[in-house]
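Novice: Handing over coords-v5.pdb, PDB, C-alpha atoms, pLDDT in the B column.
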ATOM      1  CA  MET E   1      59.408  -3.661 -22.567  1.00 94.00           C
ATOM      2  CA  LEU E   2      57.391  -0.585 -23.510  1.00 96.00           C
ATOM      3  CA  GLN E   3      56.992  -0.431 -27.253  1.00 96.00           C
ATOM      4  CA  ALA E   4      55.506   2.337 -29.384  1.00 97.00           C
ATOM      5  CA  GLN E   5      54.849   1.604 -33.019  1.00 96.00           C
ATOM      6  CA  ASN E   6      54.076   4.192 -35.707  1.00 96.00           C
ATOM      7  CA  LEU E   7      52.380   6.676 -33.388  1.00 96.00           C
ATOM      8  CA  ILE E   8      50.524   9.440 -35.176  1.00 96.00           C
ATOM      9  CA  LEU E   9      48.837  12.183 -33.150  1.00 94.00           C
ATOM     10  CA  ARG E  10      47.587  14.913 -35.415  1.00 92.00           C
ATOM     11  CA  GLY E  11      49.705  18.034 -35.179  1.00 92.00           C
ATOM     12  CA  ARG E  12      51.934  16.566 -32.467  1.00 96.00           C
ATOM     13  CA  LEU E  13      53.449  13.173 -33.413  1.00 97.00           C
ATOM     14  CA  ASP E  14      54.267  11.854 -36.870  1.00 96.00           C
ATOM     15  CA  ASP E  15      55.043   8.122 -37.160  1.00 96.00           C
ATOM     16  CA  VAL E  16      57.099   7.700 -33.973  1.00 97.00           C
ATOM     17  CA  SER E  17      58.364   4.243 -33.010  1.00 97.00           C
ATOM     18  CA  ALA E  18      60.560   3.277 -30.053  1.00 97.00           C
ATOM     19  CA  ALA E  19      61.149   0.255 -27.829  1.00 95.00           C
ATOM     20  CA  ILE E  20      61.997   1.293 -24.263  1.00 97.00           C
ATOM     21  CA  ARG E  21      63.561  -1.144 -21.841  1.00 96.00           C
ATOM     22  CA  PRO E  22      62.934  -1.495 -18.101  1.00 98.00           C
ATOM     23  CA  GLY E  23      65.875  -0.947 -15.805  1.00 98.00           C
ATOM     24  CA  GLU E  24      67.009   2.128 -17.716  1.00 98.00           C
ATOM     25  CA  ILE E  25      66.558   5.890 -17.580  1.00 98.00           C
ATOM     26  CA  THR E  26      65.265   7.099 -20.941  1.00 98.00           C
ATOM     27  CA  ALA E  27      65.295  10.854 -21.511  1.00 98.00           C
ATOM     28  CA  ILE E  28      63.023  12.483 -24.084  1.00 98.00           C
ATOM     29  CA  VAL E  29      64.525  15.781 -25.238  1.00 98.00           C
ATOM     30  CA  GLY E  30      63.823  18.332 -27.925  1.00 98.00           C
ATOM     31  CA  PRO E  31      62.960  22.011 -28.424  1.00 97.00           C
ATOM     32  CA  ASN E  32      59.716  23.546 -27.192  1.00 95.00           C
ATOM     33  CA  GLY E  33      56.678  22.225 -29.029  1.00 94.00           C
ATOM     34  CA  ALA E  34      58.542  19.252 -30.491  1.00 96.00           C
ATOM     35  CA  GLY E  35      56.046  16.680 -29.155  1.00 96.00           C
ATOM     36  CA  LYS E  36      57.920  15.441 -26.064  1.00 97.00           C
ATOM     37  CA  SER E  37      55.035  15.634 -23.597  1.00 96.00           C
ATOM     38  CA  SER E  38      52.634  14.185 -26.159  1.00 97.00           C
ATOM     39  CA  LEU E  39      54.914  11.190 -26.654  1.00 98.00           C
ATOM     40  CA  LEU E  40      55.215  10.658 -22.904  1.00 97.00           C
ATOM     41  CA  ALA E  41      51.430  10.863 -22.475  1.00 96.00           C
ATOM     42  CA  CYS E  42      50.918   8.301 -25.261  1.00 96.00           C
ATOM     43  CA  LEU E  43      53.430   5.980 -23.585  1.00 97.00           C
ATOM     44  CA  ALA E  44      51.422   6.320 -20.368  1.00 96.00           C
ATOM     45  CA  GLY E  45      48.120   5.607 -22.104  1.00 94.00           C
ATOM     46  CA  LEU E  46      46.767   9.076 -21.367  1.00 94.00           C
ATOM     47  CA  LEU E  47      46.522  10.157 -25.002  1.00 94.00           C
ATOM     48  CA  ASP E  48      45.100   7.975 -27.758  1.00 93.00           C
ATOM     49  CA  PRO E  49      46.931   8.374 -31.055  1.00 94.00           C
ATOM     50  CA  GLN E  50      44.990   8.511 -34.308  1.00 95.00           C
ATOM     51  CA  SER E  51      46.994   5.474 -35.398  1.00 95.00           C
ATOM     52  CA  GLY E  52      49.768   3.302 -34.053  1.00 97.00           C
ATOM     53  CA  THR E  53      49.993   1.276 -30.859  1.00 96.00           C
ATOM     54  CA  VAL E  54      51.699   1.172 -27.486  1.00 97.00           C
ATOM     55  CA  GLN E  55      52.416  -2.216 -25.936  1.00 96.00           C
ATOM     56  CA  LEU E  56      53.436  -2.921 -22.358  1.00 96.00           C
ATOM     57  CA  SER E  57      55.081  -6.322 -21.866  1.00 94.00           C
ATOM     58  CA  GLY E  58      53.454  -7.516 -25.086  1.00 92.00           C
ATOM     59  CA  GLU E  59      49.933  -6.301 -24.223  1.00 94.00           C
ATOM     60  CA  LEU E  60      48.238  -3.385 -25.893  1.00 95.00           C
ATOM     61  CA  LEU E  61      48.177  -0.540 -23.384  1.00 94.00           C
ATOM     62  CA  ALA E  62      44.745   0.475 -24.652  1.00 92.00           C
ATOM     63  CA  ASP E  63      43.369  -2.955 -23.690  1.00 94.00           C
ATOM     64  CA  LEU E  64      44.557  -2.836 -20.078  1.00 94.00           C
ATOM     65  CA  ALA E  65      41.985  -2.075 -17.409  1.00 95.00           C
ATOM     66  CA  PRO E  66      42.504   1.414 -15.900  1.00 94.00           C
ATOM     67  CA  GLN E  67      43.438  -0.066 -12.531  1.00 96.00           C
ATOM     68  CA  ALA E  68      46.051  -2.398 -14.034  1.00 96.00           C
ATOM     69  CA  ARG E  69      47.514   0.439 -16.058  1.00 96.00           C
ATOM     70  CA  ALA E  70      47.674   2.701 -12.994  1.00 96.00           C
ATOM     71  CA  GLN E  71      49.421  -0.046 -11.028  1.00 97.00           C
ATOM     72  CA  ALA E  72      52.009  -0.479 -13.771  1.00 97.00           C
ATOM     73  CA  ILE E  73      52.684   3.171 -14.672  1.00 98.00           C
ATOM     74  CA  GLY E  74      53.205   6.071 -12.305  1.00 97.00           C
ATOM     75  CA  TYR E  75      52.786   9.367 -14.161  1.00 97.00           C
ATOM     76  CA  LEU E  76      53.982  12.807 -13.047  1.00 95.00           C
ATOM     77  CA  PRO E  77      52.594  15.542 -15.321  1.00 92.00           C
ATOM     78  CA  GLN E  78      54.426  18.749 -16.113  1.00 87.00           C
ATOM     79  CA  SER E  79      52.001  21.031 -14.228  1.00 79.00           C
ATOM     80  CA  PRO E  80      50.178  18.795 -11.741  1.00 74.00           C
ATOM     81  CA  GLU E  81      47.212  20.208  -9.875  1.00 77.00           C
ATOM     82  CA  VAL E  82      46.140  19.375  -6.322  1.00 84.00           C
ATOM     83  CA  ALA E  83      42.380  19.853  -6.009  1.00 81.00           C
ATOM     84  CA  TRP E  84      42.183  19.801  -2.218  1.00 88.00           C
ATOM     85  CA  ASP E  85      44.407  21.362   0.415  1.00 92.00           C
ATOM     86  CA  VAL E  86      45.334  18.057   2.039  1.00 96.00           C
ATOM     87  CA  SER E  87      48.404  17.241   4.089  1.00 97.00           C
ATOM     88  CA  VAL E  88      51.578  15.995   2.430  1.00 97.00           C
ATOM     89  CA  GLU E  89      51.018  12.546   3.904  1.00 98.00           C
ATOM     90  CA  THR E  90      47.476  12.379   2.521  1.00 97.00           C
ATOM     91  CA  LEU E  91      48.689  13.519  -0.894  1.00 97.00           C
ATOM     92  CA  VAL E  92      51.395  10.860  -0.962  1.00 98.00           C
ATOM     93  CA  ALA E  93      48.905   8.220   0.193  1.00 98.00           C
ATOM     94  CA  LEU E  94      46.868   8.892  -2.964  1.00 96.00           C
ATOM     95  CA  GLY E  95      49.588   7.004  -4.795  1.00 97.00           C
ATOM     96  CA  ARG E  96      48.131   3.843  -3.265  1.00 97.00           C
ATOM     97  CA  LEU E  97      44.730   4.314  -4.949  1.00 96.00           C
ATOM     98  CA  PRO E  98      45.490   1.860  -7.785  1.00 97.00           C
ATOM     99  CA  TRP E  99      46.055  -0.816  -5.123  1.00 97.00           C
ATOM    100  CA  ARG E 100      42.984   0.198  -3.076  1.00 96.00           C
ATOM    101  CA  ASP E 101      44.936   0.208   0.149  1.00 96.00           C
ATOM    102  CA  ARG E 102      46.855   2.612   2.367  1.00 94.00           C
ATOM    103  CA  ASP E 103      50.055   0.646   2.824  1.00 96.00           C
ATOM    104  CA  ALA E 104      51.902   2.571   5.546  1.00 97.00           C
ATOM    105  CA  ALA E 105      55.300   1.093   4.688  1.00 97.00           C
ATOM    106  CA  SER E 106      55.086   2.266   1.065  1.00 98.00           C
ATOM    107  CA  ILE E 107      53.904   5.732   2.081  1.00 98.00           C
ATOM    108  CA  ASN E 108      56.580   6.150   4.730  1.00 98.00           C
ATOM    109  CA  ALA E 109      59.278   4.933   2.356  1.00 98.00           C
ATOM    110  CA  ALA E 110      58.199   7.446  -0.292  1.00 98.00           C
ATOM    111  CA  LEU E 111      58.191  10.286   2.252  1.00 98.00           C
ATOM    112  CA  ALA E 112      61.662   9.298   3.421  1.00 97.00           C
ATOM    113  CA  THR E 113      63.026   8.943  -0.102  1.00 97.00           C
ATOM    114  CA  MET E 114      61.911  12.462  -1.005  1.00 96.00           C
ATOM    115  CA  GLU E 115      63.039  13.888   2.380  1.00 95.00           C
ATOM    116  CA  LEU E 116      59.526  14.873   3.437  1.00 97.00           C
ATOM    117  CA  GLU E 117      59.160  13.242   6.862  1.00 97.00           C
ATOM    118  CA  ASP E 118      59.261  16.591   8.677  1.00 97.00           C
ATOM    119  CA  LEU E 119      56.603  18.002   6.334  1.00 97.00           C
ATOM    120  CA  ARG E 120      54.175  15.093   6.402  1.00 96.00           C
ATOM    121  CA  GLN E 121      51.440  17.022   8.272  1.00 97.00           C
ATOM    122  CA  ARG E 122      51.919  20.322   6.445  1.00 97.00           C
ATOM    123  CA  PRO E 123      49.073  21.383   4.119  1.00 97.00           C
ATOM    124  CA  VAL E 124      50.015  21.382   0.450  1.00 95.00           C
ATOM    125  CA  SER E 125      49.084  25.090   0.215  1.00 93.00           C
ATOM    126  CA  ARG E 126      51.967  25.887   2.576  1.00 95.00           C
ATOM    127  CA  LEU E 127      54.630  24.133   0.520  1.00 93.00           C
ATOM    128  CA  SER E 128      57.172  25.883  -1.650  1.00 92.00           C
ATOM    129  CA  GLY E 129      57.245  24.998  -5.334  1.00 90.00           C
ATOM    130  CA  GLY E 130      60.136  22.612  -4.808  1.00 91.00           C
ATOM    131  CA  GLU E 131      58.542  20.950  -1.781  1.00 94.00           C
ATOM    132  CA  ARG E 132      55.335  20.477  -3.727  1.00 93.00           C
ATOM    133  CA  ALA E 133      57.251  18.897  -6.620  1.00 93.00           C
ATOM    134  CA  ARG E 134      58.918  16.473  -4.214  1.00 95.00           C
ATOM    135  CA  ALA E 135      55.571  15.578  -2.618  1.00 96.00           C
ATOM    136  CA  LEU E 136      54.061  14.826  -6.009  1.00 95.00           C
ATOM    137  CA  MET E 137      57.003  12.594  -6.906  1.00 96.00           C
ATOM    138  CA  ALA E 138      56.585  10.848  -3.554  1.00 97.00           C
ATOM    139  CA  ARG E 139      52.969  10.154  -4.517  1.00 97.00           C
ATOM    140  CA  VAL E 140      54.228   8.371  -7.645  1.00 98.00           C
ATOM    141  CA  LEU E 141      56.801   6.388  -5.652  1.00 98.00           C
ATOM    142  CA  ALA E 142      54.204   5.315  -3.072  1.00 98.00           C
ATOM    143  CA  GLY E 143      52.389   3.376  -5.792  1.00 98.00           C
ATOM    144  CA  GLN E 144      55.513   1.297  -6.475  1.00 97.00           C
ATOM    145  CA  PRO E 145      54.921   1.281 -10.256  1.00 98.00           C
ATOM    146  CA  ARG E 146      56.962  -0.812 -12.675  1.00 97.00           C
ATOM    147  CA  TRP E 147      57.324   2.278 -14.867  1.00 98.00           C
ATOM    148  CA  ILE E 148      57.797   5.918 -13.870  1.00 98.00           C
ATOM    149  CA  HIS E 149      56.841   8.525 -16.473  1.00 98.00           C
ATOM    150  CA  ALA E 150      57.794  12.070 -15.442  1.00 97.00           C
ATOM    151  CA  ASP E 151      57.344  15.261 -17.452  1.00 97.00           C
ATOM    152  CA  GLU E 152      60.141  17.703 -16.519  1.00 95.00           C
ATOM    153  CA  PRO E 153      60.498  16.465 -12.932  1.00 95.00           C
ATOM    154  CA  LEU E 154      63.564  18.661 -12.299  1.00 94.00           C
ATOM    155  CA  ALA E 155      61.888  21.933 -13.276  1.00 90.00           C
ATOM    156  CA  ASN E 156      60.990  23.288  -9.801  1.00 85.00           C
ATOM    157  CA  LEU E 157      63.868  21.825  -7.811  1.00 91.00           C
ATOM    158  CA  ASP E 158      67.027  23.513  -6.606  1.00 92.00           C
ATOM    159  CA  LEU E 159      70.371  22.016  -7.562  1.00 93.00           C
ATOM    160  CA  ALA E 160      70.685  19.847  -4.456  1.00 93.00           C
ATOM    161  CA  HIS E 161      67.218  18.372  -4.862  1.00 92.00           C
ATOM    162  CA  GLN E 162      67.729  17.897  -8.604  1.00 94.00           C
ATOM    163  CA  GLN E 163      70.792  15.832  -7.794  1.00 95.00           C
ATOM    164  CA  ALA E 164      68.906  13.927  -5.107  1.00 93.00           C
ATOM    165  CA  LEU E 165      65.984  13.147  -7.429  1.00 95.00           C
ATOM    166  CA  LEU E 166      68.305  11.970 -10.180  1.00 96.00           C
ATOM    167  CA  GLY E 167      69.847   9.655  -7.598  1.00 96.00           C
ATOM    168  CA  VAL E 168      66.407   8.356  -6.649  1.00 96.00           C
ATOM    169  CA  LEU E 169      65.509   7.700 -10.273  1.00 97.00           C
ATOM    170  CA  ARG E 170      68.831   5.946 -10.852  1.00 97.00           C
ATOM    171  CA  ALA E 171      68.159   3.701  -7.859  1.00 97.00           C
ATOM    172  CA  GLN E 172      64.688   2.946  -9.224  1.00 97.00           C
ATOM    173  CA  ALA E 173      66.141   2.026 -12.615  1.00 98.00           C
ATOM    174  CA  ASP E 174      68.863  -0.097 -11.039  1.00 98.00           C
ATOM    175  CA  ALA E 175      66.115  -1.999  -9.202  1.00 97.00           C
ATOM    176  CA  GLY E 176      64.418  -2.801 -12.537  1.00 98.00           C
ATOM    177  CA  THR E 177      61.922   0.051 -12.897  1.00 98.00           C
ATOM    178  CA  GLY E 178      61.634   1.684 -16.292  1.00 98.00           C
ATOM    179  CA  VAL E 179      62.124   5.453 -15.982  1.00 98.00           C
ATOM    180  CA  VAL E 180      61.042   7.695 -18.857  1.00 98.00           C
ATOM    181  CA  MET E 181      61.256  11.441 -18.430  1.00 98.00           C
ATOM    182  CA  VAL E 182      61.001  14.590 -20.483  1.00 98.00           C
ATOM    183  CA  MET E 183      64.033  16.804 -19.888  1.00 96.00           C
ATOM    184  CA  HIS E 184      65.185  20.198 -21.104  1.00 93.00           C
ATOM    185  CA  GLY E 185      68.683  20.032 -19.645  1.00 94.00           C
ATOM    186  CA  LEU E 186      70.924  18.318 -22.171  1.00 97.00           C
ATOM    187  CA  ALA E 187      73.781  18.069 -19.672  1.00 96.00           C
ATOM    188  CA  GLU E 188      71.517  16.196 -17.234  1.00 96.00           C
ATOM    189  CA  ALA E 189      70.415  13.881 -20.049  1.00 97.00           C
ATOM    190  CA  MET E 190      74.038  13.322 -21.100  1.00 97.00           C
ATOM    191  CA  ASN E 191      75.218  12.586 -17.551  1.00 97.00           C
ATOM    192  CA  HIS E 192      72.306  10.588 -16.150  1.00 97.00           C
ATOM    193  CA  ALA E 193      70.313   8.910 -18.940  1.00 98.00           C
ATOM    194  CA  ASP E 194      71.059   5.478 -20.349  1.00 98.00           C
ATOM    195  CA  ARG E 195      69.239   6.354 -23.539  1.00 98.00           C
ATOM    196  CA  VAL E 196      68.023   9.532 -25.196  1.00 98.00           C
ATOM    197  CA  LEU E 197      65.192  10.105 -27.663  1.00 98.00           C
ATOM    198  CA  VAL E 198      65.499  13.391 -29.558  1.00 98.00           C
ATOM    199  CA  VAL E 199      62.128  14.607 -30.830  1.00 98.00           C
ATOM    200  CA  LEU E 200      61.867  17.319 -33.471  1.00 97.00           C
ATOM    201  CA  GLU E 201      58.644  18.516 -35.099  1.00 96.00           C
ATOM    202  CA  GLY E 202      56.782  15.424 -33.962  1.00 96.00           C
ATOM    203  CA  GLN E 203      59.328  12.973 -35.334  1.00 97.00           C
ATOM    204  CA  LEU E 204      62.068  10.920 -33.751  1.00 97.00           C
ATOM    205  CA  LEU E 205      65.286  12.562 -34.900  1.00 97.00           C
ATOM    206  CA  ALA E 206      67.693  10.353 -32.935  1.00 97.00           C
ATOM    207  CA  ASP E 207      67.554   7.423 -30.520  1.00 97.00           C
ATOM    208  CA  GLY E 208      70.430   5.830 -28.651  1.00 97.00           C
ATOM    209  CA  PRO E 209      73.060   6.284 -25.936  1.00 97.00           C
ATOM    210  CA  PRO E 210      73.484   9.945 -24.920  1.00 97.00           C
ATOM    211  CA  GLU E 211      77.139  10.169 -25.936  1.00 95.00           C
ATOM    212  CA  THR E 212      76.124   9.090 -29.454  1.00 96.00           C
ATOM    213  CA  VAL E 213      72.796  10.874 -29.814  1.00 96.00           C
ATOM    214  CA  LEU E 214      73.687  14.229 -28.261  1.00 97.00           C
ATOM    215  CA  ASP E 215      76.461  14.980 -30.712  1.00 96.00           C
ATOM    216  CA  LEU E 216      77.069  18.555 -31.820  1.00 96.00           C
ATOM    217  CA  ALA E 217      75.491  18.044 -35.248  1.00 96.00           C
ATOM    218  CA  THR E 218      72.223  16.796 -33.740  1.00 97.00           C
ATOM    219  CA  ILE E 219      72.156  19.645 -31.225  1.00 97.00           C
ATOM    220  CA  GLN E 220      72.657  22.151 -34.021  1.00 97.00           C
ATOM    221  CA  ARG E 221      69.920  20.596 -36.125  1.00 97.00           C
ATOM    222  CA  ALA E 222      67.352  20.265 -33.319  1.00 97.00           C
ATOM    223  CA  TRP E 223      68.024  23.445 -31.331  1.00 97.00           C
ATOM    224  CA  GLY E 224      69.729  25.595 -33.958  1.00 96.00           C
ATOM    225  CA  ILE E 225      72.747  26.410 -31.805  1.00 95.00           C
ATOM    226  CA  ASP E 226      76.463  25.822 -32.087  1.00 94.00           C
ATOM    227  CA  ALA E 227      77.655  24.152 -28.898  1.00 95.00           C
ATOM    228  CA  ARG E 228      80.501  22.148 -27.443  1.00 95.00           C
ATOM    229  CA  TRP E 229      80.776  19.647 -24.635  1.00 97.00           C
ATOM    230  CA  LEU E 230      83.127  20.290 -21.728  1.00 96.00           C
ATOM    231  CA  GLY E 231      84.368  17.890 -19.066  1.00 94.00           C
ATOM    232  CA  GLU E 232      84.623  14.154 -18.752  1.00 91.00           C
ATOM    233  CA  ALA E 233      82.036  11.375 -19.071  1.00 88.00           C
ATOM    234  CA  GLY E 234      79.522  11.577 -16.229  1.00 89.00           C
ATOM    235  CA  GLY E 235      80.282  15.240 -15.558  1.00 92.00           C
ATOM    236  CA  ARG E 236      79.715  16.921 -18.889  1.00 96.00           C
ATOM    237  CA  ALA E 237      78.623  20.550 -19.311  1.00 95.00           C
ATOM    238  CA  LEU E 238      77.316  22.134 -22.496  1.00 95.00           C
ATOM    239  CA  ALA E 239      78.777  25.463 -23.596  1.00 95.00           C
ATOM    240  CA  TYR E 240      77.112  27.533 -26.319  1.00 91.00           C
TER     241      TYR E 240
END
Output the structure of this file as C-alpha cells.

Specialist:
Amino acid sequence: MLQAQNLILRGRLDDVSAAIRPGEITAIVGPNGAGKSSLLACLAGLLDPQSGTVQLSGELLADLAPQARAQAIGYLPQSPEVAWDVSVETLVALGRLPWRDRDAASINAALATMELEDLRQRPVSRLSGGERARALMARVLAGQPRWIHADEPLANLDLAHQQALLGVLRAQADAGTGVVMVMHGLAEAMNHADRVLVVLEGQLLADGPPETVLDLATIQRAWGIDARWLGEAGGRALAY
C-alpha cells in the first residue's frame, strides 16, 4: 500500500490524502497546473511536502534509505534528460543502479518488452522522440520496481506504441506491481485505469473507479467543458 496523508505543498497541493493499492493502475488526471506532477513526485519521495506524510508498506517514505526507495519505486519524469550520448542498452542498464549490478536477463527483458532489441546499440541522440520514450520506460522496467510512477508516459508515443505501453503496464499491474501515472487523456484513463484521482487546484476532487469518477458533472467542473461518453465499457471515447 502507498498511502499519502494530508499532503500540503505550498502553492501546489492542499491537504491531499489517498491510499493507493498495488496490483492496480491508478491514473492521476486534472487540468494543466492542477498539481498532478507534484502529487506523483511526492508519492515517489522526490518532493518533500511542508506537512503530511507518505508511507510505503507502513514505513515512512522519507525514512527509507535512497537505495531502498530506488529499488521499490521506478520513476519516469515528464521531461527526462539523458546527460550522455550512450547506447540504448547502456541507458536501459542504468535501471539496475539501485541493485548495483548489471543483470543481463533484466536488461534484455526490458529491451524486449519495449521492442528495442534492434536499437540496443544505437546512440540515444539518434532516437526519435517515441523511441527515446520507450528506452526510458525500459530503463524503469529493468530495475524491476514494486511501484512504477510515470508522468505522462504516453505523450511522445504513436497510437500503436501507446496501446503497447498500456498493455505492458496492465501486465505489470496484473503481476502485482503498483502503477501510478499522470494522464491527460480521459478516454485512456476511463478504458485502462482501475482507479482515477481527479486533482483540481491542488486538491483531490474525486477518487474512485473511472466509470464513477469521470462522470460528466466532474468533467465539467474540473475542465469546464460539456462532454459526453460514446461507446461501450473498455472502448469509450469522449466527445465535446

Novice: Could you check the closest approach to Met181 (chain E) for each of E:Gly224, E:Gly235, E:Gly74, E:Gly130 and tell me which residue wins, using only C-alpha atoms?

Specialist: E:Gly74

Novice: Show me, as a tab-separated table, the residues of region 4-48 of chain E having an atom within 7 Å of region 198-211 of chain E, each with the closest atom pair and its distance in Å, using only C-alpha atoms.

Specialist:
residue	atom	partner	partner_atom	distance
E:Arg12	CA	E:Gly202	CA	5.2
E:Leu13	CA	E:Gly202	CA	4.1
E:Asp14	CA	E:Gly202	CA	5.2
E:Asp15	CA	E:Gln203	CA	6.7
E:Val16	CA	E:Gln203	CA	5.9
E:Ile28	CA	E:Val198	CA	6.1
E:Val29	CA	E:Val198	CA	5.0
E:Gly30	CA	E:Val199	CA	5.0
E:Pro31	CA	E:Leu200	CA	7.0
E:Ala34	CA	E:Glu201	CA	4.7
E:Gly35	CA	E:Gly202	CA	5.0
E:Lys36	CA	E:Val199	CA	6.4

Novice: Given the file shown, determine the residues that the PyMOL selection byres ((chain E and resi 115-124) around 9) selects; report them as number ranges by chain.

Specialist: E: 82, 84-92, 108, 110-114, 125-128, 131-132, 134-135, 138

Novice: Output the residue selection produced by the PyMOL selection byres ((chain E and resi 188) around 10) on the file above, formatted as an MDAnalysis selection string.

Specialist: chainID E and resid 27 154 162:163 166 183:187 189:193 234:238

Novice: Give me the result of the PyMOL selection byres ((chain E and resi 4) around 6) on this file, residue by residue, as a VMD selection string.

Specialist: chain E and resid 3 5 17 to 18 53 to 54

Novice: Identify which of the residues E:Glu152, E:Asp174, E:Asp101, E:Glu59 lies closest to Ser79 (chain E), counting all atoms listed in the file when measuring atom-to-atom distances.

Specialist: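 Closest to Ser79 (chain E), using all atoms listed in the file: E:Glu152.
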
Novice: Please, which residues are within 9 Å of (50.9, 12.5, -14.3) by the file's coordinates, counting all atoms listed in the file, and could they come as a list in words?

Specialist: Ala41, Ala44, Leu46, Gly74, Tyr75, Leu76, Pro77, Gln78, Ser79, Pro80, Val140, His149, Ala150 and Asp151 of chain E

Novice: Considering all atoms listed in the file, state which residue in the set E:Gly176, E:Gly143, E:Gly33, E:Gly23 is at the smallest distance from Gly11 (chain E).

Specialist: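 Result for the nearest residue to Gly11 (chain E): E:Gly33.
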
Novice: Taking all atoms listed in the file into account, name the residue in E:Ile73, E:Val196, E:Leu64, E:Ala155 that is nearest to Ala19 (chain E).

Specialist: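 Ranked by minimum distance to Ala19 (chain E), first place goes to E:Val196.
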
Novice: Rounded to one decimal place, report the CA of Gly231 (chain E)-CA of Gly178 (chain E) distance in Å.

Specialist: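 These atoms are spaced 28.1 Å apart.
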
Novice: By how many Å are CA of Leu7 (chain E) and CA of Ala217 (chain E) apart?

Specialist: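 These atoms are spaced 25.8 Å apart.
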